[in-house]
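Containing mmCIF, C-alpha atoms: input_15.cif.
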data_start
loop_
_atom_site.label_atom_id
_atom_site.label_comp_id
_atom_site.auth_asym_id
_atom_site.auth_seq_id
_atom_site.Cartn_x
_atom_site.Cartn_y
_atom_site.Cartn_z
CA MET A 1 8.51 18.07 22.63
CA ARG A 2 8.12 15.50 19.84
CA LEU A 3 10.88 16.24 17.32
CA PHE A 4 12.06 15.00 13.95
CA VAL A 5 14.41 16.16 11.18
CA ALA A 6 13.00 16.43 7.66
CA HIS A 7 12.94 18.05 4.25
CA GLU A 8 9.84 20.07 3.34
CA ILE A 9 7.85 18.77 0.36
CA PRO A 10 7.45 21.26 -2.53
CA PRO A 11 3.88 22.56 -3.02
CA SER A 12 3.61 20.96 -6.48
CA VAL A 13 4.48 17.55 -4.99
CA ARG A 14 1.88 18.06 -2.23
CA VAL A 15 -0.74 18.73 -4.92
CA ALA A 16 0.26 15.55 -6.79
CA LEU A 17 0.13 13.50 -3.56
CA GLY A 18 -3.30 14.96 -2.79
CA GLU A 19 -4.57 13.98 -6.24
CA VAL A 20 -3.29 10.41 -5.86
CA SER A 21 -4.80 10.11 -2.37
CA ALA A 22 -8.15 11.54 -3.50
CA HIS A 23 -8.21 9.04 -6.38
CA LEU A 24 -7.40 6.04 -4.17
CA ARG A 25 -9.33 6.92 -1.00
CA PRO A 26 -12.80 5.84 -2.28
CA LEU A 27 -11.37 2.36 -3.00
CA SER A 28 -10.10 1.80 0.54
CA GLY A 29 -11.86 0.07 3.41
CA ARG A 30 -12.68 1.41 6.86
CA GLY A 31 -9.39 0.24 8.34
CA VAL A 32 -7.37 2.82 6.40
CA ARG A 33 -6.18 6.16 7.83
CA TRP A 34 -5.11 8.55 5.05
CA THR A 35 -2.40 11.14 5.66
CA ASP A 36 -3.24 14.79 5.02
CA PRO A 37 -0.84 15.86 2.22
CA ALA A 38 -0.27 19.16 4.08
CA GLY A 39 1.43 17.19 6.86
CA ILE A 40 3.69 14.98 4.75
CA HIS A 41 7.45 15.46 5.14
CA LEU A 42 10.50 13.61 3.89
CA THR A 43 11.73 12.41 7.29
CA LEU A 44 15.49 12.11 7.73
CA LYS A 45 15.49 11.24 11.45
CA PHE A 46 12.69 10.74 13.98
CA ILE A 47 14.01 11.97 17.31
CA GLY A 48 10.85 11.49 19.38
CA GLU A 49 9.87 12.90 22.75
CA THR A 50 12.58 15.28 23.91
CA GLU A 51 13.01 17.57 26.90
CA PRO A 52 12.96 21.25 25.88
CA SER A 53 16.30 21.65 27.65
CA ALA A 54 17.91 19.38 24.99
CA VAL A 55 16.87 21.51 22.01
CA GLU A 56 19.89 23.84 22.10
CA ALA A 57 22.30 20.89 21.98
CA ILE A 58 20.33 19.39 19.07
CA ARG A 59 20.44 22.74 17.24
CA GLY A 60 24.18 23.00 17.77
CA ALA A 61 24.80 19.48 16.47
CA LEU A 62 22.63 19.94 13.37
CA ALA A 63 24.12 23.36 12.57
CA GLY A 64 27.53 21.76 12.01
CA ILE A 65 26.41 19.41 9.22
CA ARG A 66 27.95 20.17 5.80
CA ALA A 67 27.80 18.57 2.35
CA ASP A 68 29.56 19.41 -0.92
CA ARG A 69 26.46 19.31 -3.10
CA PRO A 70 22.68 19.72 -2.93
CA VAL A 71 20.46 16.66 -2.54
CA GLU A 72 18.45 15.90 -5.70
CA VAL A 73 15.22 13.94 -5.17
CA ALA A 74 12.55 12.51 -7.48
CA PHE A 75 9.17 11.60 -6.00
CA ARG A 76 7.71 8.69 -7.98
CA ALA A 77 5.99 5.33 -7.69
CA LEU A 78 3.74 3.80 -5.04
CA GLY A 79 4.43 0.85 -2.78
CA TRP A 80 3.66 -0.98 0.43
CA PHE A 81 5.36 -1.75 3.74
CA PRO A 82 5.98 -4.56 4.44
CA THR A 83 4.15 -6.15 1.44
CA ALA A 84 1.10 -5.50 -0.74
CA ARG A 85 -0.41 -8.75 0.55
CA HIS A 86 -0.28 -7.65 4.21
CA PRO A 87 0.29 -3.87 4.18
CA ARG A 88 0.72 -1.58 7.15
CA VAL A 89 1.64 1.46 5.01
CA LEU A 90 1.00 2.73 1.49
CA TRP A 91 3.85 5.02 0.43
CA ALA A 92 4.99 7.28 -2.38
CA GLY A 93 8.56 6.61 -3.42
CA VAL A 94 11.61 8.82 -3.00
CA GLU A 95 14.49 8.30 -5.43
CA ALA A 96 17.77 10.05 -4.72
CA GLY A 97 21.48 9.64 -5.20
CA SER A 98 23.75 8.75 -2.32
CA GLY A 99 23.59 12.32 -0.97
CA LEU A 100 20.24 11.80 0.77
CA ALA A 101 21.34 8.68 2.66
CA GLU A 102 24.66 10.35 3.50
CA LEU A 103 22.82 13.37 4.93
CA ALA A 104 20.53 11.12 7.00
CA GLY A 105 23.59 9.19 8.22
CA GLU A 106 25.35 12.39 9.23
CA ILE A 107 22.27 13.50 11.19
CA GLU A 108 22.30 10.14 12.98
CA ARG A 109 26.03 10.51 13.69
CA VAL A 110 25.85 13.99 15.26
CA LEU A 111 22.76 13.21 17.37
CA GLU A 112 24.01 9.89 18.78
CA PRO A 113 26.41 11.52 21.34
CA LEU A 114 23.39 13.47 22.65
CA GLY A 115 21.68 10.21 23.57
CA PHE A 116 19.53 9.69 20.46
CA ALA A 117 20.12 6.14 19.27
CA ARG A 118 20.83 5.40 15.64
CA GLU A 119 18.00 3.84 13.66
CA SER A 120 18.48 0.07 13.55
CA ARG A 121 16.83 -0.28 10.13
CA LYS A 122 18.40 0.81 6.86
CA PHE A 123 17.33 4.31 5.77
CA GLN A 124 14.40 3.90 3.34
CA PRO A 125 13.13 7.32 2.28
CA HIS A 126 9.41 7.43 1.52
CA LEU A 127 6.29 9.54 1.99
CA THR A 128 3.49 7.86 3.97
CA LEU A 129 0.14 8.16 2.20
CA ALA A 130 -1.95 5.79 4.33
CA ARG A 131 -1.76 3.41 7.31
CA PHE A 132 -3.75 0.20 7.59
CA LYS A 133 -5.44 -1.11 10.73
CA SER A 134 -7.09 -3.99 8.85
CA GLU A 135 -6.91 -5.60 5.42
CA GLN A 136 -10.66 -5.47 4.87
CA GLY A 137 -11.62 -4.21 1.42
CA LEU A 138 -8.05 -3.88 0.13
CA ASP A 139 -8.44 -5.79 -3.15
CA ALA A 140 -9.72 -2.83 -5.19
CA LEU A 141 -7.05 -0.54 -3.74
CA ARG A 142 -4.28 -3.03 -4.58
CA ARG A 143 -5.54 -3.38 -8.16
CA GLU A 144 -5.70 0.39 -8.69
CA VAL A 145 -2.22 0.98 -7.24
CA GLU A 146 -0.91 -1.68 -9.63
CA ARG A 147 -2.79 -0.09 -12.56
CA LEU A 148 -1.31 3.34 -11.80
CA GLY A 149 2.17 1.89 -12.30
CA VAL A 150 4.92 4.39 -11.52
CA PRO A 151 3.34 7.86 -11.25
CA GLU A 152 5.73 10.81 -11.48
CA LEU A 153 4.96 13.11 -8.55
CA GLY A 154 7.65 15.80 -8.92
CA ARG A 155 11.23 16.66 -8.06
CA ALA A 156 13.11 18.75 -5.51
CA THR A 157 16.62 20.05 -4.88
CA TYR A 158 17.53 20.49 -1.23
CA CYS A 159 20.25 22.70 0.25
CA GLU A 160 18.74 22.74 3.75
CA PHE A 161 16.77 20.62 6.19
CA ASP A 162 14.46 21.38 9.11
CA LEU A 163 14.17 20.48 12.77
CA MET A 164 10.42 20.03 13.23
CA GLU A 165 8.07 19.70 16.18
CA SER A 166 4.97 17.52 15.95
CA ARG A 167 2.08 18.18 18.33
CA LEU A 168 -0.51 15.42 18.38
CA ARG A 169 -4.09 16.68 18.46
CA GLN A 170 -7.40 14.85 18.21
CA GLN A 171 -7.94 16.17 14.67
CA GLY A 172 -4.38 15.21 13.62
CA ALA A 173 -0.80 16.30 14.11
CA VAL A 174 0.23 19.96 13.88
CA TYR A 175 3.77 20.59 12.58
CA THR A 176 5.96 23.57 13.42
CA ARG A 177 9.44 24.30 12.15
CA VAL A 178 11.82 24.82 15.06
CA GLU A 179 14.78 25.81 12.87
CA ARG A 180 16.05 25.49 9.29
CA PHE A 181 19.67 24.40 8.66
CA PRO A 182 21.51 25.12 5.40
CA PHE A 183 24.02 22.32 4.83
CA LEU A 184 26.02 23.27 1.72
CA ALA A 185 29.69 23.90 2.42
CA SER A 186 29.61 26.54 -0.33
CA VAL A 187 27.03 27.83 -2.80
CA PRO A 188 27.60 26.26 -6.26
CA ALA A 189 28.59 28.81 -8.93
CA ALA A 190 25.49 28.19 -11.03
CA ARG A 191 23.22 28.83 -8.07
CA ALA A 192 25.13 31.95 -7.07
CA GLU A 193 24.59 33.34 -10.59
CA GLU A 194 20.83 32.74 -10.36
CA ARG A 195 20.56 35.14 -7.41
#
Please express the file's structure as structure tokens.
Amino acid sequence: MRLFVAHEIPPSVRVALGEVSAHLRPLSGRGVRWTDPAGIHLTLKFIGETEPSAVEAIRGALAGIRADRPVEVAFRALGWFPTARHPRVLWAGVEAGSGLAELAGEIERVLEPLGFARESRKFQPHLTLARFKSEQGLDALRREVERLGVPELGRATYCEFDLMESRLRQQGAVYTRVERFPFLASVPAARAEER
């Protein structure tokens, strides 16, 4: 099983990502592989290939994670990894307070004793829009990304995260939720009143 931990993207944000991708796609060269907005997640931890027998231990570890407050996220801006001059990835930005990085760090912490190594790089939340196999024909795409500036793509408030399975198929990956994990230690009063 190929597993990862993530937040789902709200439907309105998926629509906005689809509009941006549809606008930019005609400007890209042949060496660009665009991500289907339906398959975009805010990844907190990529676990990778895992024996099915390990899933119960993973579930148990993730079920114990708690935080005092929801995670507030704004999806905005576009950028490149590693640079616009020699990109491998075009991304949509994720802006959040410390709660998102703390949650990702806690996921790393509880999974490490199960044999899943911590990520060596600093946590950089983002949504992958496209991957580049070559830099051919990128000038027009770079100019348009710069012209778009800092597009606002939506917001989300998270009180839960998901353990996901990714199955790689010829036509693209298929994602299935294995389990959803609420992480709030208690429901805030304002949210309890909304119910």
Applying 7 Å and all atoms listed in the file, which residues near Glu72 in chain A remain after dropping the ones on its own chain fewer than 4 positions away? List them as an mmCIF file with C-alpha atoms, in the frame of the given file.
data_model
loop_
_atom_site.group_PDB
_atom_site.id
_atom_site.type_symbol
_atom_site.label_atom_id
_atom_site.label_comp_id
_atom_site.auth_asym_id
_atom_site.auth_seq_id
_atom_site.Cartn_x
_atom_site.Cartn_y
_atom_site.Cartn_z
ATOM 1 C CA ALA A 96 17.770 10.050 -4.720
ATOM 2 C CA GLY A 97 21.480 9.640 -5.200
ATOM 3 C CA ALA A 156 13.110 18.750 -5.510
ATOM 4 C CA THR A 157 16.620 20.050 -4.880
ATOM 5 C CA TYR A 158 17.530 20.490 -1.230
#
Do a neighbour search on Arg131 in chain A at 9 Å with only C-alpha atoms, toss out local chain neighbours closer than 4 positions, and write the hits as number ranges by chain. A: 31-35, 87-90
Selection: 9 Å around Glu165 in chain A, all atoms listed in the file, excl. self and same-chain fewer than 5 positions, as a ChimeraX atom specification: /A:1-5,174-178
On this file, the PyMOL selection byres ((chain A and resi 99-107) around 7) gives some set of residues; write that set as a list in words.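 Selection result, ordered by chain and number: Leu44, Lys45, Leu62, Val71, Ala96, Gly97, Ser98, Glu108, Arg109, Val110, Leu111 and Phe123 of chain A.
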Rounded to one decimal in Å, what is the spacing between CA of Ala16 in chain A and CA of Ala84 in chain A?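 Here the two named atoms are 21.9 Å from each other.
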Which residue gives the smallest distance to Leu141 in chain A among A:Gly18, A:Ser12, A:His7, A:Leu78, with only C-alpha atoms counted?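 Closest residue, counting only C-alpha atoms: A:Leu78.
Reported to one decimal place, the separation of CA of Gly93 in chain A from CA of Ala61 in chain A is 28.7 Å.
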Around the point (-10.0, 6.1, -5.7) (coordinates from the file), which residues reach within 12 Å if we count all atoms listed in the file? Answer as a PyMOL selection string. chain A and resi 18-29+138+140-145+147-148
Proximity to Pro125 in chain A - best of A:Gly137, A:Pro113, A:Gly79, A:Pro151, all atoms listed in the file: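 Looking only at the distances to Pro125 in chain A, the closest residue turns out to be A:Gly79.
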List as a list of chain:residue names the protein and nucleic acid residues near Ile9 in chain A, meaning an atom at most 8 Å away when only C-alpha atoms are counted, but skip any in the same chain fewer than 4 places from it. A:Val13, A:Arg14, A:Ile40, A:His41, A:Leu42, A:Ala156
Selection export as an mmCIF file, keeping the file's coordinate frame, atoms kept: C-alpha atoms:
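Ended up saving to selection_24.cif:
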data_model
loop_
_atom_site.group_PDB
_atom_site.id
_atom_site.type_symbol
_atom_site.label_atom_id
_atom_site.label_comp_id
_atom_site.auth_asym_id
_atom_site.auth_seq_id
_atom_site.Cartn_x
_atom_site.Cartn_y
_atom_site.Cartn_z
ATOM 1 C CA VAL A 13 4.480 17.550 -4.990
ATOM 2 C CA ARG A 14 1.880 18.060 -2.230
ATOM 3 C CA ILE A 40 3.690 14.980 4.750
ATOM 4 C CA HIS A 41 7.450 15.460 5.140
ATOM 5 C CA LEU A 42 10.500 13.610 3.890
ATOM 6 C CA ALA A 156 13.110 18.750 -5.510
#
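Restricting the calculation to only C-alpha atoms, the smallest distance between Arg118 in chain A and any of A:Glu152, A:Asp139, A:Leu168, A:Ile47 is found for A:Ile47.
From CA of Phe75 in chain A back to CA of Phe181 in chain A, the distance works out to 22.1 Å.
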From the options A:Ala173, A:Leu114, A:Phe161, A:Arg76, which residue's atoms come nearest to Gly149 in chain A, counting only C-alpha atoms? A:Arg76
Between A:Gln171, A:Ile65, A:Arg30, A:Val150, which is the closest to Lys133 in chain A once you count only C-alpha atoms?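 When distances to Lys133 in chain A are compared using only C-alpha atoms, the smallest one comes from A:Arg30.
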Rank nothing, just name the residue among A:Met164, A:Leu153, A:Leu127, A:Ala6 nearest to Phe81 in chain A, using only C-alpha atoms.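 Under the stated criterion, the closest residue is A:Leu127.
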Just need the box for range 69-85 of chain A, edges along x, y and z, holding every atom the file lists for it with 5 Å tacked onto each side, so centre and edge lengths in Å to one decimal, as AutoDock Vina command-line options.
--center_x 13.0 --center_y 5.5 --center_z -1.8 --size_x 36.9 --size_y 38.5 --size_z 22.4
Report as number ranges by chain the full result of the PyMOL selection byres ((chain A and resi 74) around 6) when it is applied to this structure. A: 73, 75, 94-95, 155
